[in-house]
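Input: a single structure, listed below in structure tokens.
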Amino acid sequence: MIINQLRIAADRLETSDRSGKVSDSEMKLIRRKLCSKLKVRDDDIESVIVLKKSIDARKKHNLCLIYNLDVRVKGFSEFIGDSDNALVKKEFEPVIADNVGLKRVVVAGAGPAGLFCTYILALNGMRPVLIEQGSCMEKRVLQTESFFSDCTKLNHYSNVVFGEGGAGTFSDGKLNTAVKDKSGVIAYVKKVFVEHGAPEEIIYLDKPHIGTDELRHVILNIRREIERLGGQVYFDTFMKDIVIENDRVVSVKAVSTCNSDEREFGCESLVLATGHSARETYEYLKDIVEMQAKDFAVGLRVQHPQKFIDRTQYGDAASVLPPADYKLRYHTKNNRAVYSFCMCPGGYVVNSSSEDGFTVVNGMSNHRRDSENANSAIVVNVTKDDFDGDDVLAGVNFQRKWEKKAYDEAGGNIPVQLLGDYKKNVNSTHLDKIGIVVKGGYSFANLRNTLPEFVNKAIIEAMDYFDGVIEGYSDDDVVLCGVETRTSSPVRILRDETYQSNIRGVYPCGEGAGYAGGIMSAAVDGIKVAHAILKR
């Protein structure tokens with residue numbers, strides 16, 4: 001039977017796994033509550049499967065955990081609970097073709113979109129070719145660690161943004177998405193992650209995340225399965241040219257980023273899953289495929305002690321619950337949207353630059369989210385009206401302008417400033433009550449010089465409002481890091497109802513093409529594109 005909305009008061013928990021996994025003591029409480037609700041003995045309960053676990057923190061004095069459960073009880077078969085909220089999902093079927101042959105498909109980009117597209121094609125017998133300009137996971141980790149130690153050691157092709165697993169590999173690894181799961185594809189993606197080594201609790205947690213330390217191993221296992229199924233994977237391989245005949249792709253030319261060797265891959269289909277920072281590729285594509293500039297958001301990363309966030313969100317229950325997150329939103333007087341983005345409990349601010357002379361930051365967490373600080377981007381929407389000119393890459397140029405200022409402000413390190421000094425428009429010279437948690441070097445700077453003034457004013461106005469939501473959120477000693485400019489792709493590569501661009505056989509895919517925003521939605525889009533190719 002399915003039981004929805006079983007509530008247990010948080011103050012009844014003795015301990016909690018900080019990852020959110022249901023502990024043994026937690027399961028005992030669940031079974032005890034079920035016995036009371038169903039009027040049965042514990043021996044009558046044959047099994048309990050947690051379908052979903054969430055936290056209701058609206059009332060700090062009565063904070064509860066909420067469970068949706070699949071329960072097997074002797075003598076029971078009926079459904080209990082609100083059927084509209086039942087978590088009985090349609091089973092997604094990834095295999096829709098049988099031995100479809102060797103119609104060659106090339107997938108460019110090994111982020112979530114490209115990886116899952118390749119995986120589905122391989123499951124269907126296509127033997128796809130996956131090319132990635134960055135390095136394999138083992139090399140990529142070493143490259144990023146070297147860059148964190150010395151900002152002059154940036155590898156333009158392989159870094160926090162590019163390489164096996166894409167930008168999501170060095171992130172919090174969030175798997176929540178606003179995409180509805182009527183087809184069961186989201187549940188399928190989670191299942192694939194678990195089958196390849198992800199923690200099982202991502203299946204039922206309301207806000208699941210893997211963490212960069214765990215995600216690395218999962219991505220590596222998925223790649224190995226692609227190869228076992230007959231797919232070919234080429235790292236350090238940059239797509240330099242698309243050969244087109246009669247408005248249809250016929251091959252892809254690529255060059256090794258290690259030794260400049262060139263090779264050509266014949267193909268009937270090319271999946272463009274290059275990620276939202278593939279600026280060199282955008283420059284090449286803008287004269288080939290139909291593209292348009294799109295809106296995005298820019299801002300700063302803000303750091304608070306995680307214990308402070310836990311206390312403000314959970315109250316006295318903070319010690320027995322996973323690290324808390326938050327979600328904030330505000331509209332300024334001049335109608336700018338300001339909101340928290342990619343909030344990372346117990347995480348790190350990461351120097352995620354991908355071009356020499358430009359600095360950009362992102363947030364990252366390990367699976368246990370156990371660093372001292374929480375961080376989140378506080379970003380302001382920018383539109384095409386804010387860009388200089390009407391070129392399709394005007395948004396890219398806008399990003400570069402402010403990333404260049406951030407680089408100059410801190411000499412390639414992460415520019416850092418206290419909120420009080422940011423408001424006063426003066427350089428910071430030291431940290432105060434809050435320490436800093438970063439991956440990469442940092443230098444004190446004036447972040448007012450790294451963003452348009454309308455963005456600065458919007459952030460300051462919003463931070464004062466946020467202080468009324470979370471008291472102490474806008475204290476003067478709060479640490480700011482800059483700049484966050486790559487919240488989403490600055491372009492959209494147009495595609496039709498068959499998922500193809502104006503060039504037949506070219507399939508724009510994922511976040512870089514403007515059709516996703518995060519690991520889960522990118523993976524889902526990759527699967528959709530794979531099925532579109534198979535159906536063709």
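Residue numbering restarts at 1 in every chain; chains get A, B, ... in the order shown in the structure tokens, and ligands count up from 1 in that same order.
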For this session: Extract, using only C-alpha atoms, all DNA, RNA and protein residues at most 8 Å from range 297-311 of chain A, discarding same-chain residues fewer than 3 positions from it, and format them as a VMD selection string.
Result: chain A and resid 314 to 316 318 323 to 325 345 to 346 349 361 to 363 371 to 382 434 436 451 455 459 473 478 to 488
Could you make a table, as a tab-separated table, of the residues of range 47-164 of chain A that have an atom within 10 Å of an atom of range 503-517 of chain A, each with its nearest atom pair and distance in Å to one decimal, counting only C-alpha atoms, in chain and number order?
```
residue	atom	partner	partner_atom	distance
A:Val105	CA	A:Gly505	CA	9.2
A:Val106	CA	A:Val506	CA	9.7
A:Val107	CA	A:Tyr507	CA	9.2
A:Ala108	CA	A:Cys509	CA	9.7
A:Gly109	CA	A:Gly512	CA	9.6
A:Gly111	CA	A:Gly510	CA	8.8
A:Pro112	CA	A:Gly510	CA	8.0
A:Ala113	CA	A:Gly510	CA	5.1
A:Gly114	CA	A:Gly510	CA	7.7
A:Cys117	CA	A:Cys509	CA	9.0
```
For this session: Tell me, as JSON, numbers by chain, which residues lie within 12 Å of Ser23 in chain A, counting only C-alpha atoms; anything in the same chain fewer than 4 positions away does not count.
Result: {"A": [13, 14, 15, 16, 17, 18, 19, 27, 28, 29, 30, 50, 201, 320, 321, 322]}
For this session: Please return as a PyMOL selection string: the residues of range 217-397 of chain A that backbone DSSP assigns to alpha helix (DSSP H).
Result: chain A and resi 217-228+279-285+306-314+394-397
Range 99-170 of chain A near range 264-284 of chain A within 12 Å: what's each residue's closest atom pair and its distance in Å to one decimal, counting only C-alpha atoms, ordered by chain then ascending residue number, as CSV?
```
residue,atom,partner,partner_atom,distance
A:Leu102,CA,A:Cys267,CA,9.9
A:Lys103,CA,A:Glu268,CA,6.6
A:Arg104,CA,A:Cys267,CA,4.7
A:Val105,CA,A:Ser269,CA,4.8
A:Val106,CA,A:Leu270,CA,4.9
A:Val107,CA,A:Val271,CA,4.6
A:Ala108,CA,A:Leu272,CA,5.3
A:Gly109,CA,A:Thr274,CA,4.6
A:Ala110,CA,A:Ala273,CA,7.4
A:Gly111,CA,A:Gly275,CA,7.0
A:Pro112,CA,A:Ala273,CA,8.7
A:Ala113,CA,A:Ala273,CA,6.1
A:Gly114,CA,A:Ala273,CA,5.2
A:Leu115,CA,A:Ala273,CA,8.9
A:Phe116,CA,A:Ala273,CA,10.4
A:Cys117,CA,A:Val271,CA,8.4
A:Thr118,CA,A:Val271,CA,9.3
A:Leu121,CA,A:Val271,CA,11.4
A:Met126,CA,A:Ser269,CA,11.3
A:Arg127,CA,A:Cys267,CA,11.7
A:Pro128,CA,A:Cys267,CA,9.5
A:Val129,CA,A:Phe265,CA,8.4
A:Leu130,CA,A:Val271,CA,9.3
A:Ile131,CA,A:Thr274,CA,9.9
A:Glu132,CA,A:Thr274,CA,8.4
A:Gln133,CA,A:Thr274,CA,9.1
A:Gly134,CA,A:Thr274,CA,10.8
A:His156,CA,A:Glu280,CA,10.7
A:Tyr157,CA,A:Ala278,CA,9.8
A:Ser158,CA,A:Ala278,CA,11.6
A:Asn159,CA,A:Ser277,CA,11.4
A:Val160,CA,A:Ser277,CA,10.8
A:Val161,CA,A:Ser277,CA,7.2
A:Phe162,CA,A:Gly275,CA,8.1
A:Gly163,CA,A:Thr274,CA,10.3
A:Glu164,CA,A:Thr274,CA,11.4
A:Gly165,CA,A:Gly275,CA,10.5
A:Gly166,CA,A:Gly275,CA,7.2
A:Ala167,CA,A:Gly275,CA,7.7
A:Gly168,CA,A:Gly275,CA,10.0
```
How about saving the chosen residues, N, CA and C atoms kept, as a compact mmCIF listing (two decimals), in the first residue's frame?
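Ended up saving to selection07.txt:
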```txt
# COMPACT_ATOMS: atom_id res chain seq x y z
N LEU A 102 24.78 0.42 -37.32
CA LEU A 102 25.92 1.29 -37.10
C LEU A 102 25.76 2.65 -37.75
N LYS A 103 24.56 3.19 -37.78
CA LYS A 103 24.38 4.55 -38.24
C LYS A 103 25.11 5.46 -37.27
N ARG A 104 26.17 6.07 -37.73
CA ARG A 104 27.10 6.74 -36.83
C ARG A 104 26.53 8.04 -36.27
N VAL A 105 26.59 8.13 -34.94
CA VAL A 105 26.22 9.35 -34.23
C VAL A 105 27.43 9.84 -33.47
N VAL A 106 27.74 11.13 -33.59
CA VAL A 106 28.79 11.76 -32.81
C VAL A 106 28.14 12.69 -31.80
N VAL A 107 28.53 12.56 -30.55
CA VAL A 107 28.06 13.44 -29.49
C VAL A 107 29.23 14.30 -29.04
N ALA A 108 29.06 15.62 -29.11
CA ALA A 108 30.12 16.55 -28.70
C ALA A 108 29.80 17.11 -27.32
N GLY A 109 30.58 16.67 -26.34
CA GLY A 109 30.40 17.15 -24.98
C GLY A 109 30.02 16.02 -24.03
N ALA A 110 30.80 15.84 -22.95
CA ALA A 110 30.58 14.73 -22.02
C ALA A 110 30.03 15.21 -20.68
N GLY A 111 29.22 16.29 -20.71
CA GLY A 111 28.48 16.69 -19.53
C GLY A 111 27.25 15.80 -19.37
N PRO A 112 26.34 16.12 -18.45
CA PRO A 112 25.16 15.26 -18.23
C PRO A 112 24.34 15.03 -19.49
N ALA A 113 24.14 16.07 -20.31
CA ALA A 113 23.34 15.91 -21.53
C ALA A 113 24.02 14.96 -22.51
N GLY A 114 25.28 15.22 -22.80
CA GLY A 114 25.99 14.37 -23.74
C GLY A 114 26.20 12.96 -23.24
N LEU A 115 26.48 12.84 -21.96
CA LEU A 115 26.74 11.52 -21.37
C LEU A 115 25.49 10.64 -21.43
N PHE A 116 24.34 11.20 -21.03
CA PHE A 116 23.11 10.40 -21.03
C PHE A 116 22.61 10.15 -22.44
N CYS A 117 22.81 11.11 -23.34
CA CYS A 117 22.45 10.87 -24.74
C CYS A 117 23.26 9.69 -25.29
N THR A 118 24.57 9.70 -25.02
CA THR A 118 25.44 8.62 -25.50
C THR A 118 25.07 7.29 -24.86
N LEU A 121 21.88 5.91 -26.48
CA LEU A 121 22.20 5.42 -27.83
C LEU A 121 22.95 4.09 -27.76
N MET A 126 23.61 1.53 -30.88
CA MET A 126 24.07 2.47 -31.89
C MET A 126 25.59 2.61 -31.97
N ARG A 127 26.31 2.22 -30.92
CA ARG A 127 27.77 2.39 -30.88
C ARG A 127 28.20 3.83 -31.19
N PRO A 128 27.72 4.79 -30.42
CA PRO A 128 28.00 6.19 -30.69
C PRO A 128 29.45 6.56 -30.38
N VAL A 129 29.87 7.70 -30.92
CA VAL A 129 31.18 8.28 -30.62
C VAL A 129 30.96 9.52 -29.77
N LEU A 130 31.61 9.57 -28.61
CA LEU A 130 31.53 10.72 -27.72
C LEU A 130 32.88 11.42 -27.70
N ILE A 131 32.89 12.71 -28.08
CA ILE A 131 34.14 13.47 -28.05
C ILE A 131 34.01 14.58 -27.01
N GLU A 132 35.09 14.81 -26.28
CA GLU A 132 35.11 15.80 -25.20
C GLU A 132 36.43 16.55 -25.25
N GLN A 133 36.35 17.89 -25.29
CA GLN A 133 37.57 18.68 -25.39
C GLN A 133 38.43 18.60 -24.14
N GLY A 134 37.80 18.35 -22.98
CA GLY A 134 38.54 18.22 -21.74
C GLY A 134 39.07 16.82 -21.52
N HIS A 156 43.12 25.71 -20.64
CA HIS A 156 42.00 26.32 -21.36
C HIS A 156 40.96 25.29 -21.79
N TYR A 157 41.38 24.08 -22.08
CA TYR A 157 40.46 23.06 -22.59
C TYR A 157 39.90 22.15 -21.50
N SER A 158 40.59 22.03 -20.38
CA SER A 158 40.17 21.09 -19.33
C SER A 158 40.32 21.76 -17.98
N ASN A 159 39.20 21.95 -17.29
CA ASN A 159 39.20 22.73 -16.05
C ASN A 159 37.93 22.45 -15.25
N VAL A 160 37.52 23.35 -14.41
CA VAL A 160 36.30 23.15 -13.62
C VAL A 160 35.06 23.09 -14.51
N VAL A 161 35.11 23.74 -15.65
CA VAL A 161 33.96 23.81 -16.56
C VAL A 161 33.98 22.69 -17.60
N PHE A 162 35.15 22.40 -18.18
CA PHE A 162 35.26 21.44 -19.27
C PHE A 162 35.96 20.17 -18.80
N GLY A 163 35.51 19.04 -19.36
CA GLY A 163 36.09 17.75 -19.05
C GLY A 163 35.01 16.73 -18.77
N GLU A 164 35.42 15.51 -18.52
CA GLU A 164 34.46 14.43 -18.31
C GLU A 164 33.50 14.77 -17.17
N GLY A 165 32.21 14.70 -17.45
CA GLY A 165 31.19 15.02 -16.46
C GLY A 165 30.68 16.44 -16.56
N GLY A 166 31.39 17.30 -17.29
CA GLY A 166 30.95 18.68 -17.46
C GLY A 166 31.11 19.52 -16.21
N ALA A 167 30.51 20.71 -16.24
CA ALA A 167 30.62 21.64 -15.12
C ALA A 167 29.96 21.09 -13.86
N GLY A 168 28.96 20.22 -14.02
CA GLY A 168 28.27 19.67 -12.86
C GLY A 168 29.13 18.81 -11.97
```
